[in-house]
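A.B. asks: Contents of final-v5.cif (mmCIF, C-alpha atoms):
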```cif
data_model
#
loop_
_atom_site.label_atom_id
_atom_site.label_comp_id
_atom_site.auth_asym_id
_atom_site.auth_seq_id
_atom_site.Cartn_x
_atom_site.Cartn_y
_atom_site.Cartn_z
CA MET U 85 7.89 -5.21 -8.32
CA LYS U 86 5.49 -2.44 -9.29
CA LYS U 87 6.59 1.09 -8.47
CA ILE U 88 5.33 4.61 -9.06
CA TYR U 89 6.82 6.36 -12.07
CA VAL U 90 6.22 9.92 -13.24
CA ASN U 91 6.17 11.23 -16.78
CA GLU U 92 6.91 14.92 -16.34
CA LYS U 93 5.82 15.60 -19.94
CA TRP U 94 2.26 14.82 -18.85
CA CYS U 95 2.29 16.43 -15.38
CA LEU U 96 0.03 19.49 -15.27
CA GLY U 97 1.24 20.62 -11.85
CA CYS U 98 -2.36 20.50 -10.60
CA HIS U 99 -1.40 19.02 -7.18
CA LEU U 100 -4.37 16.61 -7.24
CA CYS U 101 -2.02 13.73 -6.44
CA GLU U 102 -1.15 15.49 -3.18
CA TYR U 103 -4.82 15.78 -2.22
CA TYR U 104 -5.59 12.16 -3.11
CA CYS U 105 -2.56 11.05 -1.09
CA ALA U 106 -3.56 13.13 1.94
CA PHE U 107 -7.11 11.78 1.74
CA ALA U 108 -5.96 8.15 1.37
CA ASN U 109 -3.84 8.51 4.50
CA SER U 110 -6.44 10.43 6.54
CA GLY U 111 -8.46 7.39 7.63
CA GLU U 112 -11.66 9.21 6.62
CA SER U 113 -14.28 8.00 4.16
CA ASP U 114 -15.32 11.42 2.84
CA MET U 115 -12.71 13.52 1.05
CA VAL U 116 -14.41 16.86 1.75
CA LYS U 117 -14.75 16.16 5.47
CA ALA U 118 -11.17 14.88 5.62
CA LEU U 119 -9.48 17.81 3.87
CA LYS U 120 -11.75 20.85 4.09
CA GLY U 121 -10.12 23.75 5.89
CA ILE U 122 -6.92 21.94 6.90
CA GLU U 123 -3.31 22.05 5.80
CA ILE U 124 -2.66 18.76 4.02
CA HIS U 125 0.39 16.59 4.62
CA PRO U 126 0.75 14.37 1.53
CA ARG U 127 3.45 11.76 1.11
CA ILE U 128 3.98 12.89 -2.46
CA ARG U 129 4.65 16.44 -3.57
CA ILE U 130 4.80 18.38 -6.79
CA GLU U 131 8.03 20.15 -7.68
CA GLU U 132 8.08 22.83 -10.36
CA ARG U 133 11.23 23.83 -12.20
CA GLY U 134 10.62 26.36 -14.94
CA ASN U 135 8.01 24.91 -17.27
CA VAL U 136 8.42 21.38 -15.91
CA SER U 137 6.30 19.91 -13.11
CA PHE U 138 6.85 16.48 -11.61
CA ALA U 139 5.76 14.45 -8.62
CA VAL U 140 8.35 13.41 -6.02
CA SER U 141 7.65 10.30 -3.97
CA CYS U 142 9.54 7.38 -2.48
CA ARG U 143 11.24 5.26 -5.13
CA HIS U 144 11.42 2.18 -2.89
CA CYS U 145 15.10 1.78 -3.73
CA ASP U 146 16.77 -1.61 -4.07
CA GLU U 147 19.49 -0.33 -1.71
CA PRO U 148 17.47 2.04 0.54
CA LEU U 149 19.78 4.50 2.27
CA CYS U 150 16.90 5.66 4.47
CA VAL U 151 16.50 2.17 5.95
CA LYS U 152 20.25 1.80 6.45
CA SER U 153 20.44 5.17 8.22
CA CYS U 154 17.45 4.66 10.54
CA ILE U 155 18.84 4.45 14.09
CA SER U 156 15.61 3.19 15.67
CA GLY U 157 14.56 0.51 13.19
CA ALA U 158 11.42 2.45 12.28
CA LEU U 159 12.05 2.05 8.54
CA THR U 160 11.92 -1.45 7.11
CA GLU U 161 11.85 -3.07 3.69
CA GLU U 162 9.53 -5.95 2.94
CA ASN U 163 8.83 -7.28 -0.55
CA GLY U 164 10.38 -4.14 -2.03
CA VAL U 165 8.17 -1.70 -0.10
CA ILE U 166 9.85 0.66 2.37
CA SER U 167 7.53 1.22 5.34
CA ILE U 168 7.60 3.34 8.48
CA ASP U 169 6.53 2.34 11.96
CA PRO U 170 5.74 5.77 13.46
CA GLU U 171 5.76 4.31 16.98
CA LYS U 172 9.47 3.47 16.60
CA CYS U 173 10.48 6.75 14.94
CA VAL U 174 12.46 8.99 17.30
CA GLY U 175 12.38 12.01 14.99
CA CYS U 176 16.13 12.22 14.40
CA TYR U 177 15.51 12.81 10.66
CA THR U 178 18.65 10.96 9.64
CA CYS U 179 16.58 9.21 6.97
CA ILE U 180 15.53 12.58 5.54
CA MET U 181 19.19 13.54 5.13
CA ALA U 182 20.05 10.11 3.67
CA CYS U 183 17.33 10.02 0.99
CA PRO U 184 18.91 11.21 -2.28
CA TYR U 185 15.46 12.03 -3.74
CA GLY U 186 13.97 14.15 -0.97
CA ALA U 187 11.09 11.71 -0.64
CA VAL U 188 11.18 11.31 3.15
CA MET U 189 9.68 14.21 5.08
CA PRO U 190 8.60 15.17 8.59
CA SER U 191 4.98 14.43 9.48
CA GLU U 192 2.76 16.68 11.55
CA ASN U 193 3.26 14.48 14.64
CA GLY U 194 7.07 14.57 14.79
CA ALA U 195 7.75 11.22 13.13
CA ILE U 196 8.62 10.99 9.45
CA GLN U 197 6.33 10.10 6.59
CA LYS U 198 6.86 8.77 3.10
CA CYS U 199 4.97 7.01 0.35
CA GLU U 200 4.14 3.41 1.19
CA LEU U 201 2.34 2.72 -2.11
CA CYS U 202 -0.98 2.89 -0.23
CA THR U 203 -0.29 -0.56 1.27
CA LYS U 204 -1.76 0.55 4.62
CA ASN U 205 -4.86 2.02 2.98
CA ALA U 206 -7.44 0.62 0.59
CA GLY U 207 -4.68 -1.19 -1.28
CA GLY U 208 -4.60 -1.90 -4.98
CA LEU U 209 -3.68 1.11 -7.04
CA PRO U 210 -2.02 3.98 -5.11
CA ALA U 211 -4.35 6.95 -4.62
CA CYS U 212 -2.05 9.40 -6.44
CA VAL U 213 -2.13 7.19 -9.54
CA LYS U 214 -5.92 6.85 -9.41
CA GLY U 215 -6.37 10.58 -8.98
CA CYS U 216 -3.97 11.87 -11.65
CA PRO U 217 -6.23 13.36 -14.35
CA ASN U 218 -3.55 13.28 -17.04
CA LYS U 219 -2.12 9.82 -16.21
CA ALA U 220 1.29 11.38 -15.56
CA ILE U 221 1.74 9.08 -12.55
CA VAL U 222 1.70 5.35 -13.26
CA PHE U 223 2.10 2.21 -11.15
CA GLU U 224 3.90 -0.43 -13.15
CA GLU U 225 6.74 -2.88 -13.28
CA ARG U 226 9.69 -1.89 -15.45
CA ALA U 227 12.84 -3.67 -16.50
CA VAL U 228 15.92 -2.08 -15.00
#
```
Show the structure stored in the file as structure tokens.
C.D. replies:
Amino acid sequence: MKKIYVNEKWCLGCHLCEYYCAFANSGESDMVKALKGIEIHPRIRIEERGNVSFAVSCRHCDEPLCVKSCISGALTEENGVISIDPEKCVGCYTCIMACPYGAVMPSENGAIQKCELCTKNAGGLPACVKGCPNKAIVFEERAV
């Protein structure tokens, strides 16, 4: 299964992946209208440690602790993609505590949010991968 991988050697820390993610999940067709003057809530975020920058997003684990910890059944795994049903989320945030990568986060409406590989959007290549100017974020299948 294809997953998102990050090469921190190539990450510029520009945060464009965050903007492309927020736009892809906004439901709008114009990026400026969707994001101008608002606080964005991307499902990917840039971490900076010293001189190293890297993107943090859901790794769609083979043994997803977030799914196992979800008390309401809001998180599910299908074909390797971990998805959230915000209507089922009760906002207990157990999944946030269970995720070892810090990739599950609260959304602005009280439910949680996480990367779903843009499966609920335009599909194809995830928006963060398309928008990364340095190709530090890739979407590929790798041998384990």
A.B. asks: Taking only C-alpha atoms into account, which of U:Asp146, U:Ser153, U:Pro126, U:Thr203 comes nearest Pro190 of chain U?
C.D. replies: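 Result for the nearest residue to Pro190 of chain U: U:Pro126.
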A.B. asks: Decode the PyMOL selection byres ((chain U and resi 213) around 12) for the given file into explicit residues and return them as a PyMOL selection string.
C.D. replies: chain U and resi 87-91+95+100-105+108+128+139+141+201-202+208-212+214-224
A.B. asks: Let me see the file: selected residues, C-alpha atoms, as an mmCIF file, in the coordinates of the input.
C.D. replies:
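Result file part19.cif:
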```
data_model
loop_
_atom_site.group_PDB
_atom_site.id
_atom_site.type_symbol
_atom_site.label_atom_id
_atom_site.label_comp_id
_atom_site.auth_asym_id
_atom_site.auth_seq_id
_atom_site.Cartn_x
_atom_site.Cartn_y
_atom_site.Cartn_z
ATOM 1 C CA LYS U 87 6.590 1.090 -8.470
ATOM 2 C CA ILE U 88 5.330 4.610 -9.060
ATOM 3 C CA TYR U 89 6.820 6.360 -12.070
ATOM 4 C CA VAL U 90 6.220 9.920 -13.240
ATOM 5 C CA ASN U 91 6.170 11.230 -16.780
ATOM 6 C CA CYS U 95 2.290 16.430 -15.380
ATOM 7 C CA LEU U 100 -4.370 16.610 -7.240
ATOM 8 C CA CYS U 101 -2.020 13.730 -6.440
ATOM 9 C CA GLU U 102 -1.150 15.490 -3.180
ATOM 10 C CA TYR U 103 -4.820 15.780 -2.220
ATOM 11 C CA TYR U 104 -5.590 12.160 -3.110
ATOM 12 C CA CYS U 105 -2.560 11.050 -1.090
ATOM 13 C CA ALA U 108 -5.960 8.150 1.370
ATOM 14 C CA ILE U 128 3.980 12.890 -2.460
ATOM 15 C CA ALA U 139 5.760 14.450 -8.620
ATOM 16 C CA SER U 141 7.650 10.300 -3.970
ATOM 17 C CA LEU U 201 2.340 2.720 -2.110
ATOM 18 C CA CYS U 202 -0.980 2.890 -0.230
ATOM 19 C CA GLY U 208 -4.600 -1.900 -4.980
ATOM 20 C CA LEU U 209 -3.680 1.110 -7.040
ATOM 21 C CA PRO U 210 -2.020 3.980 -5.110
ATOM 22 C CA ALA U 211 -4.350 6.950 -4.620
ATOM 23 C CA CYS U 212 -2.050 9.400 -6.440
ATOM 24 C CA LYS U 214 -5.920 6.850 -9.410
ATOM 25 C CA GLY U 215 -6.370 10.580 -8.980
ATOM 26 C CA CYS U 216 -3.970 11.870 -11.650
ATOM 27 C CA PRO U 217 -6.230 13.360 -14.350
ATOM 28 C CA ASN U 218 -3.550 13.280 -17.040
ATOM 29 C CA LYS U 219 -2.120 9.820 -16.210
ATOM 30 C CA ALA U 220 1.290 11.380 -15.560
ATOM 31 C CA ILE U 221 1.740 9.080 -12.550
ATOM 32 C CA VAL U 222 1.700 5.350 -13.260
ATOM 33 C CA PHE U 223 2.100 2.210 -11.150
ATOM 34 C CA GLU U 224 3.900 -0.430 -13.150
#
```
A.B. asks: Of the candidates U:Ile130, U:Cys150, U:Ala106, U:Val165, which shows the shortest atom-to-atom distance to Glu92 of chain U, using all atoms listed in the file?
C.D. replies: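 Of the candidates, the smallest distance to Glu92 of chain U is held by U:Ile130.
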A.B. asks: Provide the atom CA of Glu112 of chain U to atom CA of Ile180 of chain U distance in Å, to one decimal place.
C.D. replies: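 The value is 27.4 Å.
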A.B. asks: Just how far from atom CA of Asn205 of chain U is atom CA of Asn109 of chain U, in Å to one decimal?
C.D. replies: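 Going from atom CA of Asn109 of chain U over to atom CA of Asn205 of chain U covers 6.7 Å.
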A.B. asks: Report, in Å with one decimal, the straight-line distance from atom CA of Val116 of chain U to atom CA of Leu96 of chain U.
C.D. replies: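 Atom CA of Leu96 of chain U lies at a distance of 22.5 Å from atom CA of Val116 of chain U.
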A.B. asks: In terms of the shortest atom-to-atom distance over all atoms listed in the file, which of U:Gly194, U:Gly97, U:Gly175, U:Pro170 is closest to Arg129 of chain U?
C.D. replies: U:Gly97
A.B. asks: What's the 10 Å shell around Ile196 of chain U, counting all atoms listed in the file, without same-chain residues fewer than 5 positions away, as a list of chain:residue names?
C.D. replies: U:Arg127, U:Ala158, U:Leu159, U:Ile168, U:Asp169, U:Pro170, U:Cys173, U:Val174, U:Gly175, U:Cys176, U:Tyr177, U:Cys179, U:Ile180, U:Val188, U:Met189, U:Pro190, U:Ser191
A.B. asks: Quick one: residues within 12 Å of Lys152 of chain U, all atoms listed in the file counted, chain neighbours fewer than 3 positions away excluded, as a list in words?
C.D. replies: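 The neighbour list is Cys145, Asp146, Glu147, Pro148, Leu149, Ile155, Ser156, Gly157, Ala158, Leu159, Thr160, Glu161, Ile166, Thr178, Cys179, Ile180, Met181, Ala182 and Cys183 of chain U.
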A.B. asks: Pick the closest to Ser137 of chain U from U:Lys120, U:Glu162, U:Cys98, U:Cys154: which is it, counting all atoms listed in the file?
C.D. replies: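 Residue with the minimum atom-to-atom distance to Ser137 of chain U: U:Cys98.
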A.B. asks: Write a file for chain U, containing C-alpha atoms (output as an mmCIF file, in the first residue's frame).
C.D. replies:
```
data_model
loop_
_atom_site.group_PDB
_atom_site.id
_atom_site.type_symbol
_atom_site.label_atom_id
_atom_site.label_comp_id
_atom_site.auth_asym_id
_atom_site.auth_seq_id
_atom_site.Cartn_x
_atom_site.Cartn_y
_atom_site.Cartn_z
ATOM 1 C CA MET U 85 0.000 0.000 0.000
ATOM 2 C CA LYS U 86 1.208 3.499 -0.791
ATOM 3 C CA LYS U 87 1.943 5.727 2.179
ATOM 4 C CA ILE U 88 3.357 9.184 2.790
ATOM 5 C CA TYR U 89 7.059 9.289 3.592
ATOM 6 C CA VAL U 90 9.171 12.312 4.487
ATOM 7 C CA ASN U 91 12.813 12.924 3.688
ATOM 8 C CA GLU U 92 13.854 15.443 6.320
ATOM 9 C CA LYS U 93 17.064 16.177 4.381
ATOM 10 C CA TRP U 94 14.918 17.837 1.725
ATOM 11 C CA CYS U 95 12.328 19.532 3.973
ATOM 12 C CA LEU U 96 12.692 23.324 3.879
ATOM 13 C CA GLY U 97 10.284 23.925 6.755
ATOM 14 C CA CYS U 98 8.199 26.154 4.471
ATOM 15 C CA HIS U 99 4.846 24.837 5.821
ATOM 16 C CA LEU U 100 3.329 24.722 2.312
ATOM 17 C CA CYS U 101 2.220 21.130 2.945
ATOM 18 C CA GLU U 102 0.089 22.416 5.825
ATOM 19 C CA TYR U 103 -1.615 24.973 3.575
ATOM 20 C CA TYR U 104 -2.231 22.474 0.779
ATOM 21 C CA CYS U 105 -3.673 20.029 3.321
ATOM 22 C CA ALA U 106 -5.960 22.657 4.857
ATOM 23 C CA PHE U 107 -7.145 23.697 1.395
ATOM 24 C CA ALA U 108 -7.747 20.101 0.260
ATOM 25 C CA ASN U 109 -9.924 19.511 3.315
ATOM 26 C CA SER U 110 -11.776 22.840 3.152
ATOM 27 C CA GLY U 111 -14.307 21.804 0.502
ATOM 28 C CA GLU U 112 -13.592 25.028 -1.390
ATOM 29 C CA SER U 113 -12.434 25.339 -4.994
ATOM 30 C CA ASP U 114 -10.341 28.494 -4.564
ATOM 31 C CA MET U 115 -7.347 28.352 -2.232
ATOM 32 C CA VAL U 116 -7.282 32.098 -1.536
ATOM 33 C CA LYS U 117 -10.972 32.224 -0.644
ATOM 34 C CA ALA U 118 -10.634 29.078 1.473
ATOM 35 C CA LEU U 119 -7.627 30.157 3.548
ATOM 36 C CA LYS U 120 -7.365 33.946 3.469
ATOM 37 C CA GLY U 121 -7.597 35.480 6.923
ATOM 38 C CA ILE U 122 -8.315 32.263 8.834
ATOM 39 C CA GLU U 123 -6.363 30.036 11.174
ATOM 40 C CA ILE U 124 -5.701 26.828 9.263
ATOM 41 C CA HIS U 125 -6.212 23.351 10.707
ATOM 42 C CA PRO U 126 -4.079 20.997 8.593
ATOM 43 C CA ARG U 127 -3.896 17.259 9.134
ATOM 44 C CA ILE U 128 -0.147 17.373 8.673
ATOM 45 C CA ARG U 129 2.232 19.636 10.544
ATOM 46 C CA ILE U 130 5.852 20.657 10.352
ATOM 47 C CA GLU U 131 8.078 20.002 13.347
ATOM 48 C CA GLU U 132 11.422 21.744 13.676
ATOM 49 C CA ARG U 133 14.230 20.410 15.830
ATOM 50 C CA GLY U 134 17.414 22.421 15.556
ATOM 51 C CA ASN U 135 18.374 22.546 11.885
ATOM 52 C CA VAL U 136 16.048 19.687 10.941
ATOM 53 C CA SER U 137 12.467 20.161 9.712
ATOM 54 C CA PHE U 138 10.084 17.314 8.986
ATOM 55 C CA ALA U 139 6.411 16.749 8.330
ATOM 56 C CA VAL U 140 4.362 14.707 10.811
ATOM 57 C CA SER U 141 1.270 12.932 9.513
ATOM 58 C CA CYS U 142 -0.589 9.682 10.055
ATOM 59 C CA ARG U 143 1.516 6.647 9.189
ATOM 60 C CA HIS U 144 -1.508 4.394 8.654
ATOM 61 C CA CYS U 145 0.046 1.764 10.899
ATOM 62 C CA ASP U 146 -0.368 -1.954 10.294
ATOM 63 C CA GLU U 147 -1.388 -2.281 13.966
ATOM 64 C CA PRO U 148 -3.127 1.093 14.554
ATOM 65 C CA LEU U 149 -3.275 1.866 18.269
ATOM 66 C CA CYS U 150 -5.603 4.790 17.568
ATOM 67 C CA VAL U 151 -8.234 2.465 16.079
ATOM 68 C CA LYS U 152 -7.858 -0.013 18.929
ATOM 69 C CA SER U 153 -8.268 2.756 21.517
ATOM 70 C CA CYS U 154 -11.298 4.448 19.925
ATOM 71 C CA ILE U 155 -14.232 3.897 22.299
ATOM 72 C CA SER U 156 -16.914 5.052 19.856
ATOM 73 C CA GLY U 157 -15.842 3.246 16.684
ATOM 74 C CA ALA U 158 -15.153 6.554 14.924
ATOM 75 C CA LEU U 159 -11.751 5.377 13.687
ATOM 76 C CA THR U 160 -11.676 2.513 11.223
ATOM 77 C CA GLU U 161 -9.143 0.841 8.958
ATOM 78 C CA GLU U 162 -10.033 -0.129 5.418
ATOM 79 C CA ASN U 163 -7.501 -1.210 2.796
ATOM 80 C CA GLY U 164 -4.701 0.150 4.976
ATOM 81 C CA VAL U 165 -6.180 3.648 5.329
ATOM 82 C CA ILE U 166 -7.186 4.813 8.809
ATOM 83 C CA SER U 167 -10.280 7.032 8.546
ATOM 84 C CA ILE U 168 -12.382 9.063 10.953
ATOM 85 C CA ASP U 169 -16.142 9.361 11.032
ATOM 86 C CA PRO U 170 -16.543 12.731 12.802
ATOM 87 C CA GLU U 171 -20.218 12.017 13.489
ATOM 88 C CA LYS U 172 -19.213 9.082 15.715
ATOM 89 C CA CYS U 173 -16.340 10.851 17.488
ATOM 90 C CA VAL U 174 -17.219 11.725 21.099
ATOM 91 C CA GLY U 175 -14.120 13.860 21.639
ATOM 92 C CA CYS U 176 -12.561 11.697 24.355
ATOM 93 C CA TYR U 177 -9.136 12.062 22.677
ATOM 94 C CA THR U 178 -8.036 8.580 23.694
ATOM 95 C CA CYS U 179 -6.742 8.100 20.152
ATOM 96 C CA ILE U 180 -4.570 11.216 20.503
ATOM 97 C CA MET U 181 -2.942 9.716 23.600
ATOM 98 C CA ALA U 182 -2.567 6.310 21.911
ATOM 99 C CA CYS U 183 -0.860 7.529 18.716
ATOM 100 C CA PRO U 184 2.910 7.102 19.201
ATOM 101 C CA TYR U 185 3.636 9.629 16.414
ATOM 102 C CA GLY U 186 1.465 12.551 17.490
ATOM 103 C CA ALA U 187 -0.399 12.406 14.189
ATOM 104 C CA VAL U 188 -3.943 12.518 15.586
ATOM 105 C CA MET U 189 -5.082 15.953 16.721
ATOM 106 C CA PRO U 190 -8.211 17.811 17.805
ATOM 107 C CA SER U 191 -10.182 19.517 15.050
ATOM 108 C CA GLU U 192 -11.855 22.891 15.353
ATOM 109 C CA ASN U 193 -15.281 21.248 15.856
ATOM 110 C CA GLY U 194 -14.414 19.042 18.850
ATOM 111 C CA ALA U 195 -13.878 15.786 16.980
ATOM 112 C CA ILE U 196 -10.404 14.613 16.031
ATOM 113 C CA GLN U 197 -8.694 14.918 12.682
ATOM 114 C CA LYS U 198 -5.851 13.102 10.988
ATOM 115 C CA CYS U 199 -4.437 12.498 7.547
ATOM 116 C CA GLU U 200 -6.635 10.265 5.415
ATOM 117 C CA LEU U 201 -4.339 10.387 2.364
ATOM 118 C CA CYS U 202 -6.823 12.752 0.692
ATOM 119 C CA THR U 203 -9.181 9.807 0.066
ATOM 120 C CA LYS U 204 -12.212 11.994 0.865
ATOM 121 C CA ASN U 205 -11.007 14.811 -1.394
ATOM 122 C CA ALA U 206 -9.978 14.952 -5.029
ATOM 123 C CA GLY U 207 -8.200 11.625 -4.626
ATOM 124 C CA GLY U 208 -5.072 10.541 -6.418
ATOM 125 C CA LEU U 209 -1.951 12.098 -5.016
ATOM 126 C CA PRO U 210 -2.298 13.612 -1.511
ATOM 127 C CA ALA U 211 -2.321 17.421 -1.563
ATOM 128 C CA CYS U 212 0.742 17.735 0.703
ATOM 129 C CA VAL U 213 2.777 15.647 -1.737
ATOM 130 C CA LYS U 214 1.581 17.673 -4.740
ATOM 131 C CA GLY U 215 2.351 20.943 -2.990
ATOM 132 C CA CYS U 216 5.809 20.179 -1.589
ATOM 133 C CA PRO U 217 8.190 22.364 -3.632
ATOM 134 C CA ASN U 218 11.277 20.344 -2.736
ATOM 135 C CA LYS U 219 9.715 16.865 -3.089
ATOM 136 C CA ALA U 220 10.524 16.127 0.563
ATOM 137 C CA ILE U 221 7.121 14.431 0.940
ATOM 138 C CA VAL U 222 6.491 11.416 -1.286
ATOM 139 C CA PHE U 223 3.621 8.972 -1.737
ATOM 140 C CA GLU U 224 4.990 5.548 -2.536
ATOM 141 C CA GLU U 225 4.994 1.891 -1.682
ATOM 142 C CA ARG U 226 8.047 0.627 0.180
ATOM 143 C CA ALA U 227 9.190 -2.808 1.232
ATOM 144 C CA VAL U 228 9.148 -3.216 4.990
#
```
